[in-house]
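Source file: structure_3.cif. Holds: mmCIF, N, CA and C atoms.
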data_coords
loop_
_atom_site.label_atom_id
_atom_site.label_comp_id
_atom_site.auth_asym_id
_atom_site.auth_seq_id
_atom_site.Cartn_x
_atom_site.Cartn_y
_atom_site.Cartn_z
N MET A 1388 -39.62 -34.00 -29.28
CA MET A 1388 -39.65 -33.70 -27.87
C MET A 1388 -38.24 -33.71 -27.26
N SER A 1389 -37.39 -34.65 -27.65
CA SER A 1389 -36.04 -34.71 -27.11
C SER A 1389 -35.22 -33.49 -27.54
N LYS A 1390 -35.52 -32.95 -28.73
CA LYS A 1390 -34.83 -31.75 -29.19
C LYS A 1390 -35.20 -30.57 -28.29
N ARG A 1391 -36.45 -30.52 -27.87
CA ARG A 1391 -36.92 -29.45 -27.00
C ARG A 1391 -36.24 -29.55 -25.63
N ILE A 1392 -36.11 -30.75 -25.09
CA ILE A 1392 -35.44 -30.97 -23.80
C ILE A 1392 -33.97 -30.58 -23.91
N LEU A 1393 -33.33 -30.99 -25.00
CA LEU A 1393 -31.93 -30.66 -25.21
C LEU A 1393 -31.71 -29.15 -25.28
N LEU A 1394 -32.55 -28.45 -26.02
CA LEU A 1394 -32.43 -26.99 -26.14
C LEU A 1394 -32.69 -26.30 -24.80
N THR A 1395 -33.68 -26.78 -24.07
CA THR A 1395 -33.98 -26.21 -22.75
C THR A 1395 -32.82 -26.43 -21.80
N SER A 1396 -32.25 -27.62 -21.82
CA SER A 1396 -31.11 -27.93 -20.96
C SER A 1396 -29.91 -27.06 -21.30
N LEU A 1397 -29.66 -26.89 -22.57
CA LEU A 1397 -28.56 -26.05 -23.01
C LEU A 1397 -28.77 -24.60 -22.60
N TRP A 1398 -29.98 -24.11 -22.75
CA TRP A 1398 -30.31 -22.74 -22.34
C TRP A 1398 -30.09 -22.57 -20.83
N LEU A 1399 -30.53 -23.55 -20.03
CA LEU A 1399 -30.34 -23.49 -18.57
C LEU A 1399 -28.85 -23.48 -18.22
N LEU A 1400 -28.08 -24.32 -18.86
CA LEU A 1400 -26.65 -24.38 -18.59
C LEU A 1400 -25.98 -23.04 -18.91
N LEU A 1401 -26.29 -22.47 -20.05
CA LEU A 1401 -25.72 -21.17 -20.42
C LEU A 1401 -26.14 -20.07 -19.46
N THR A 1402 -27.37 -20.10 -19.02
CA THR A 1402 -27.86 -19.10 -18.06
C THR A 1402 -27.10 -19.20 -16.75
N VAL A 1403 -26.92 -20.40 -16.24
CA VAL A 1403 -26.20 -20.60 -14.98
C VAL A 1403 -24.74 -20.17 -15.13
N LEU A 1404 -24.08 -20.56 -16.21
CA LEU A 1404 -22.69 -20.18 -16.42
C LEU A 1404 -22.52 -18.67 -16.53
N THR A 1405 -23.42 -18.03 -17.24
CA THR A 1405 -23.36 -16.57 -17.38
C THR A 1405 -23.56 -15.89 -16.04
N ALA A 1406 -24.53 -16.34 -15.26
CA ALA A 1406 -24.80 -15.75 -13.95
C ALA A 1406 -23.62 -15.96 -13.01
N THR A 1407 -23.02 -17.14 -13.02
CA THR A 1407 -21.88 -17.43 -12.17
C THR A 1407 -20.69 -16.55 -12.52
N THR A 1408 -20.43 -16.37 -13.80
CA THR A 1408 -19.34 -15.51 -14.24
C THR A 1408 -19.58 -14.06 -13.83
N ALA A 1409 -20.80 -13.59 -13.97
CA ALA A 1409 -21.12 -12.20 -13.59
C ALA A 1409 -20.92 -12.00 -12.10
N ILE A 1410 -21.31 -12.98 -11.29
CA ILE A 1410 -21.14 -12.86 -9.84
C ILE A 1410 -19.66 -12.82 -9.50
N ALA A 1411 -18.86 -13.71 -10.11
CA ALA A 1411 -17.43 -13.76 -9.83
C ALA A 1411 -16.73 -12.46 -10.22
N GLU A 1412 -17.09 -11.88 -11.35
CA GLU A 1412 -16.46 -10.64 -11.80
C GLU A 1412 -16.89 -9.46 -10.96
N ASP A 1413 -18.07 -9.51 -10.36
CA ASP A 1413 -18.60 -8.39 -9.59
C ASP A 1413 -18.13 -8.43 -8.14
N LYS A 1414 -17.46 -9.50 -7.74
CA LYS A 1414 -17.06 -9.67 -6.34
C LYS A 1414 -16.00 -8.65 -5.97
N GLU A 1415 -16.25 -7.87 -4.94
CA GLU A 1415 -15.29 -6.94 -4.39
C GLU A 1415 -15.14 -7.24 -2.91
N LEU A 1416 -13.94 -7.21 -2.42
CA LEU A 1416 -13.70 -7.51 -1.01
C LEU A 1416 -13.91 -6.31 -0.12
N GLY A 1417 -13.86 -5.12 -0.67
CA GLY A 1417 -14.03 -3.93 0.14
C GLY A 1417 -12.84 -3.72 1.07
N ASP A 1418 -13.08 -3.06 2.18
CA ASP A 1418 -12.01 -2.81 3.15
C ASP A 1418 -11.78 -4.06 3.98
N MET A 1419 -10.50 -4.34 4.24
CA MET A 1419 -10.12 -5.47 5.06
C MET A 1419 -9.44 -4.92 6.31
N ILE A 1420 -9.79 -5.47 7.46
CA ILE A 1420 -9.21 -5.02 8.72
C ILE A 1420 -8.12 -5.99 9.14
N PHE A 1421 -6.91 -5.46 9.33
CA PHE A 1421 -5.79 -6.27 9.80
C PHE A 1421 -5.57 -5.94 11.27
N SER A 1422 -5.92 -6.86 12.13
CA SER A 1422 -5.78 -6.60 13.57
C SER A 1422 -5.18 -7.78 14.32
N SER A 1423 -4.61 -8.75 13.61
CA SER A 1423 -4.06 -9.93 14.28
C SER A 1423 -2.89 -9.58 15.19
N LYS A 1424 -2.22 -8.48 14.92
CA LYS A 1424 -1.09 -8.06 15.74
C LYS A 1424 -1.44 -6.78 16.52
N ILE A 1425 -2.68 -6.69 16.95
CA ILE A 1425 -3.17 -5.46 17.60
C ILE A 1425 -2.41 -5.12 18.87
N ASP A 1426 -1.97 -6.13 19.63
CA ASP A 1426 -1.22 -5.84 20.85
C ASP A 1426 0.08 -5.12 20.53
N SER A 1427 0.78 -5.59 19.52
CA SER A 1427 2.02 -4.95 19.08
C SER A 1427 1.74 -3.55 18.54
N MET A 1428 0.65 -3.41 17.79
CA MET A 1428 0.29 -2.11 17.24
C MET A 1428 0.01 -1.12 18.36
N LYS A 1429 -0.73 -1.55 19.37
CA LYS A 1429 -1.05 -0.67 20.50
C LYS A 1429 0.22 -0.24 21.24
N GLN A 1430 1.17 -1.18 21.41
CA GLN A 1430 2.43 -0.84 22.07
C GLN A 1430 3.18 0.24 21.30
N ALA A 1431 3.01 0.23 19.99
CA ALA A 1431 3.66 1.24 19.14
C ALA A 1431 2.82 2.51 19.00
N GLY A 1432 1.66 2.55 19.69
CA GLY A 1432 0.79 3.72 19.62
C GLY A 1432 -0.06 3.78 18.37
N MET A 1433 -0.25 2.65 17.71
CA MET A 1433 -1.02 2.57 16.47
C MET A 1433 -2.28 1.74 16.68
N GLY A 1434 -3.26 2.01 15.84
CA GLY A 1434 -4.48 1.20 15.83
C GLY A 1434 -4.40 0.18 14.70
N GLU A 1435 -5.49 -0.53 14.52
CA GLU A 1435 -5.53 -1.56 13.48
C GLU A 1435 -5.37 -0.94 12.09
N VAL A 1436 -5.05 -1.78 11.13
CA VAL A 1436 -4.86 -1.35 9.75
C VAL A 1436 -6.14 -1.60 8.96
N ILE A 1437 -6.58 -0.60 8.24
CA ILE A 1437 -7.70 -0.77 7.32
C ILE A 1437 -7.11 -0.79 5.91
N PHE A 1438 -7.22 -1.94 5.25
CA PHE A 1438 -6.66 -2.10 3.91
C PHE A 1438 -7.76 -1.92 2.89
N PRO A 1439 -7.68 -0.89 2.04
CA PRO A 1439 -8.72 -0.64 1.03
C PRO A 1439 -8.54 -1.54 -0.21
N HIS A 1440 -9.02 -2.77 -0.12
CA HIS A 1440 -8.81 -3.73 -1.20
C HIS A 1440 -9.45 -3.26 -2.50
N THR A 1441 -10.64 -2.68 -2.43
CA THR A 1441 -11.32 -2.22 -3.64
C THR A 1441 -10.48 -1.17 -4.37
N LEU A 1442 -9.90 -0.23 -3.65
CA LEU A 1442 -9.03 0.78 -4.25
C LEU A 1442 -7.84 0.11 -4.95
N HIS A 1443 -7.25 -0.87 -4.30
CA HIS A 1443 -6.12 -1.57 -4.91
C HIS A 1443 -6.55 -2.37 -6.13
N GLU A 1444 -7.77 -2.91 -6.10
CA GLU A 1444 -8.30 -3.62 -7.27
C GLU A 1444 -8.46 -2.68 -8.47
N GLU A 1445 -8.87 -1.45 -8.19
CA GLU A 1445 -9.08 -0.48 -9.26
C GLU A 1445 -7.75 -0.03 -9.88
N GLN A 1446 -6.69 -0.02 -9.09
CA GLN A 1446 -5.41 0.50 -9.55
C GLN A 1446 -4.44 -0.58 -10.03
N ASN A 1447 -4.70 -1.83 -9.69
CA ASN A 1447 -3.78 -2.92 -10.01
C ASN A 1447 -4.55 -4.13 -10.51
N SER A 1448 -3.82 -5.07 -11.07
CA SER A 1448 -4.45 -6.35 -11.41
C SER A 1448 -4.16 -7.32 -10.26
N CYS A 1449 -4.96 -8.34 -10.13
CA CYS A 1449 -4.81 -9.32 -9.04
C CYS A 1449 -3.40 -9.91 -9.03
N SER A 1450 -2.88 -10.20 -10.23
CA SER A 1450 -1.56 -10.85 -10.32
C SER A 1450 -0.41 -9.93 -9.91
N ASP A 1451 -0.66 -8.63 -9.75
CA ASP A 1451 0.38 -7.75 -9.24
C ASP A 1451 0.75 -8.10 -7.80
N CYS A 1452 -0.21 -8.63 -7.06
CA CYS A 1452 0.01 -8.95 -5.65
C CYS A 1452 -0.11 -10.44 -5.33
N HIS A 1453 -0.98 -11.12 -6.04
CA HIS A 1453 -1.27 -12.52 -5.71
C HIS A 1453 -0.76 -13.46 -6.78
N PRO A 1454 -0.11 -14.54 -6.43
CA PRO A 1454 0.23 -15.02 -5.09
C PRO A 1454 1.66 -14.66 -4.67
N ASP A 1455 2.39 -13.89 -5.48
CA ASP A 1455 3.81 -13.64 -5.18
C ASP A 1455 4.05 -12.81 -3.93
N ILE A 1456 3.23 -11.80 -3.68
CA ILE A 1456 3.43 -10.92 -2.52
C ILE A 1456 2.53 -11.35 -1.37
N PHE A 1457 1.27 -11.60 -1.66
CA PHE A 1457 0.29 -11.98 -0.64
C PHE A 1457 -0.37 -13.31 -1.00
N ILE A 1458 -0.47 -14.20 -0.02
CA ILE A 1458 -1.21 -15.45 -0.18
C ILE A 1458 -2.68 -15.12 0.01
N GLU A 1459 -3.54 -15.63 -0.88
CA GLU A 1459 -4.97 -15.32 -0.83
C GLU A 1459 -5.71 -16.22 0.15
N LYS A 1460 -5.31 -16.21 1.39
CA LYS A 1460 -6.00 -16.97 2.44
C LYS A 1460 -5.86 -16.20 3.74
N ARG A 1461 -6.98 -15.99 4.39
CA ARG A 1461 -7.01 -15.22 5.63
C ARG A 1461 -5.97 -15.75 6.63
N ASN A 1462 -5.23 -14.83 7.24
CA ASN A 1462 -4.22 -15.11 8.26
C ASN A 1462 -3.05 -15.96 7.76
N SER A 1463 -2.79 -15.96 6.46
CA SER A 1463 -1.67 -16.73 5.91
C SER A 1463 -0.44 -15.86 5.67
N ASN A 1464 -0.57 -14.57 5.83
CA ASN A 1464 0.54 -13.64 5.59
C ASN A 1464 0.99 -13.05 6.93
N ASP A 1465 2.19 -13.35 7.33
CA ASP A 1465 2.71 -12.85 8.61
C ASP A 1465 3.30 -11.46 8.38
N ILE A 1466 2.40 -10.48 8.24
CA ILE A 1466 2.82 -9.11 7.92
C ILE A 1466 3.24 -8.40 9.20
N THR A 1467 4.43 -7.82 9.17
CA THR A 1467 4.91 -7.00 10.28
C THR A 1467 5.48 -5.71 9.68
N MET A 1468 5.59 -4.69 10.49
CA MET A 1468 6.19 -3.44 10.00
C MET A 1468 7.64 -3.66 9.61
N GLN A 1469 8.36 -4.51 10.34
CA GLN A 1469 9.74 -4.77 9.98
C GLN A 1469 9.83 -5.41 8.59
N LYS A 1470 8.95 -6.36 8.32
CA LYS A 1470 8.95 -7.00 7.00
C LYS A 1470 8.54 -6.00 5.92
N ASN A 1471 7.59 -5.13 6.23
CA ASN A 1471 7.22 -4.08 5.28
C ASN A 1471 8.42 -3.16 4.99
N MET A 1472 9.11 -2.75 6.05
CA MET A 1472 10.26 -1.85 5.87
C MET A 1472 11.41 -2.53 5.14
N ASP A 1473 11.46 -3.86 5.22
CA ASP A 1473 12.49 -4.62 4.49
C ASP A 1473 12.10 -4.82 3.03
N GLY A 1474 10.96 -4.26 2.62
CA GLY A 1474 10.54 -4.33 1.22
C GLY A 1474 9.64 -5.51 0.89
N ASN A 1475 9.10 -6.14 1.91
CA ASN A 1475 8.17 -7.24 1.70
C ASN A 1475 6.74 -6.76 1.89
N PHE A 1476 5.79 -7.57 1.50
CA PHE A 1476 4.36 -7.28 1.65
C PHE A 1476 4.05 -5.87 1.14
N CYS A 1477 3.47 -5.02 1.98
CA CYS A 1477 3.08 -3.66 1.58
C CYS A 1477 4.30 -2.85 1.11
N GLY A 1478 5.45 -3.15 1.71
CA GLY A 1478 6.68 -2.43 1.38
C GLY A 1478 7.18 -2.66 -0.04
N MET A 1479 6.61 -3.64 -0.74
CA MET A 1479 6.98 -3.86 -2.14
C MET A 1479 6.60 -2.63 -2.99
N CYS A 1480 5.51 -1.98 -2.66
CA CYS A 1480 5.06 -0.81 -3.43
C CYS A 1480 5.13 0.47 -2.61
N HIS A 1481 4.85 0.39 -1.32
CA HIS A 1481 4.81 1.60 -0.50
C HIS A 1481 6.22 1.99 -0.06
N ASP A 1482 6.93 2.58 -1.02
CA ASP A 1482 8.34 2.94 -0.85
C ASP A 1482 8.60 4.41 -1.15
N SER A 1483 7.55 5.20 -1.23
CA SER A 1483 7.55 6.63 -1.56
C SER A 1483 7.88 6.90 -3.02
N ILE A 1484 8.17 5.87 -3.80
CA ILE A 1484 8.38 6.04 -5.24
C ILE A 1484 7.12 5.59 -5.98
N ASN A 1485 6.67 4.38 -5.68
CA ASN A 1485 5.50 3.81 -6.34
C ASN A 1485 4.18 4.16 -5.64
N ALA A 1486 4.24 4.33 -4.35
CA ALA A 1486 3.06 4.67 -3.55
C ALA A 1486 3.55 5.36 -2.28
N PHE A 1487 2.62 5.93 -1.52
CA PHE A 1487 3.05 6.68 -0.33
C PHE A 1487 3.95 5.82 0.56
N ALA A 1488 4.82 6.48 1.29
CA ALA A 1488 5.83 5.80 2.10
C ALA A 1488 5.22 5.20 3.36
N LEU A 1489 5.89 4.18 3.86
CA LEU A 1489 5.43 3.48 5.06
C LEU A 1489 5.40 4.38 6.29
N TYR A 1490 6.23 5.41 6.32
CA TYR A 1490 6.26 6.28 7.50
C TYR A 1490 5.03 7.19 7.58
N GLU A 1491 4.19 7.17 6.59
CA GLU A 1491 2.91 7.90 6.67
C GLU A 1491 1.90 6.98 7.38
N CYS A 1492 2.14 6.77 8.65
CA CYS A 1492 1.44 5.76 9.45
C CYS A 1492 -0.08 5.82 9.36
N MET A 1493 -0.61 7.04 9.46
CA MET A 1493 -2.08 7.17 9.53
C MET A 1493 -2.76 6.96 8.18
N SER A 1494 -1.96 6.75 7.14
CA SER A 1494 -2.56 6.40 5.85
C SER A 1494 -3.11 4.97 5.89
N CYS A 1495 -2.60 4.16 6.79
CA CYS A 1495 -3.06 2.78 6.94
C CYS A 1495 -3.66 2.49 8.31
N HIS A 1496 -2.98 2.98 9.35
CA HIS A 1496 -3.41 2.68 10.72
C HIS A 1496 -4.52 3.63 11.17
N GLN A 1497 -5.41 3.10 11.97
CA GLN A 1497 -6.45 3.90 12.60
C GLN A 1497 -5.90 4.46 13.91
N GLU A 1498 -6.59 5.41 14.47
CA GLU A 1498 -6.22 5.93 15.79
C GLU A 1498 -6.34 4.77 16.79
N PRO A 1499 -5.40 4.69 17.73
CA PRO A 1499 -5.49 3.58 18.73
C PRO A 1499 -6.66 3.75 19.66
#
Please express the file's structure as structure tokens.
Amino acid sequence: MSKRILLTSLWLLLTVLTATTAIAEDKELGDMIFSSKIDSMKQAGMGEVIFPHTLHEEQNSCSDCHPDIFIEKRNSNDITMQKNMDGNFCGMCHDSINAFALYECMSCHQEP
């Protein structure tokens, strides 16, 4: 009887671990809206930024951006256009060589 309990427990543990791993691997963040600096964006005639995280996941590995370029915590990255233009944050790749240039405003910003 104890062998049966042990085997059942082991089967349950493996099932839970497998399900947890599948959920973690299937997690996609989708589009992320950056609007914390919306007042500044509106003054510049721009709308909020829609960041296509899923697209970036398909084209890059997580370690390409995290944690060296972006901290993985909401509102922990003080992203500004000046910092982007200085080659930080989005500007690390969006330099017209590796990805479209930052001056293609509507590629990221929505209509105000």
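CA of Asn1464 (chain A) lies 14.5 Å from atom C of Asp1451 (chain A).
Around Phe1421 (chain A), within 8 Å and counting only N, CA and C atoms, the residues found are Asp1418, Lys1424, Ile1425, Gly1434, Glu1435, Val1436, Ile1437 and Phe1438 of chain A, once anything fewer than 3 positions away on its own chain is removed.
Each of A:Met1419, A:Gln1469, A:Asn1462, A:Gln1446 was checked against Ala1486 (chain A) using only C-alpha atoms; the smallest atom-to-atom distance is that of A:Gln1446.
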Around all the atoms of region 1466-1475 of chain A listed in the file, with 6 Å of room on each side, what axis-aligned box do you get, giving centre and edge lengths in Å to one decimal, as lines of an AutoDock Vina configuration file?
center_x = 7.4
center_y = -6.2
center_z = 5.7
size_x = 22.1
size_y = 20.6
size_z = 21.6
Alpha helix (DSSP H) per DSSP on the backbone: members of region 1403-1494 of chain A, as a VMD selection string: chain A and resid 1403 to 1413 1425 to 1430 1440 to 1446 1468 to 1472
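From CA of Ser1423 (chain A) back to CA of Ser1463 (chain A), the distance works out to 11.0 Å.
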Residues returned when the PyMOL selection byres (((chain A and resi 1467 and name CA) around 10) and name CA) runs on this file, as JSON, numbers by chain: {"A": [1424, 1427, 1428, 1464, 1465, 1466, 1468, 1469, 1470, 1471, 1472, 1473, 1475, 1476, 1477]}
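One distance worth recording is that between atom N of Lys1429 (chain A) and atom N of Pro1454 (chain A), which is 28.9 Å.
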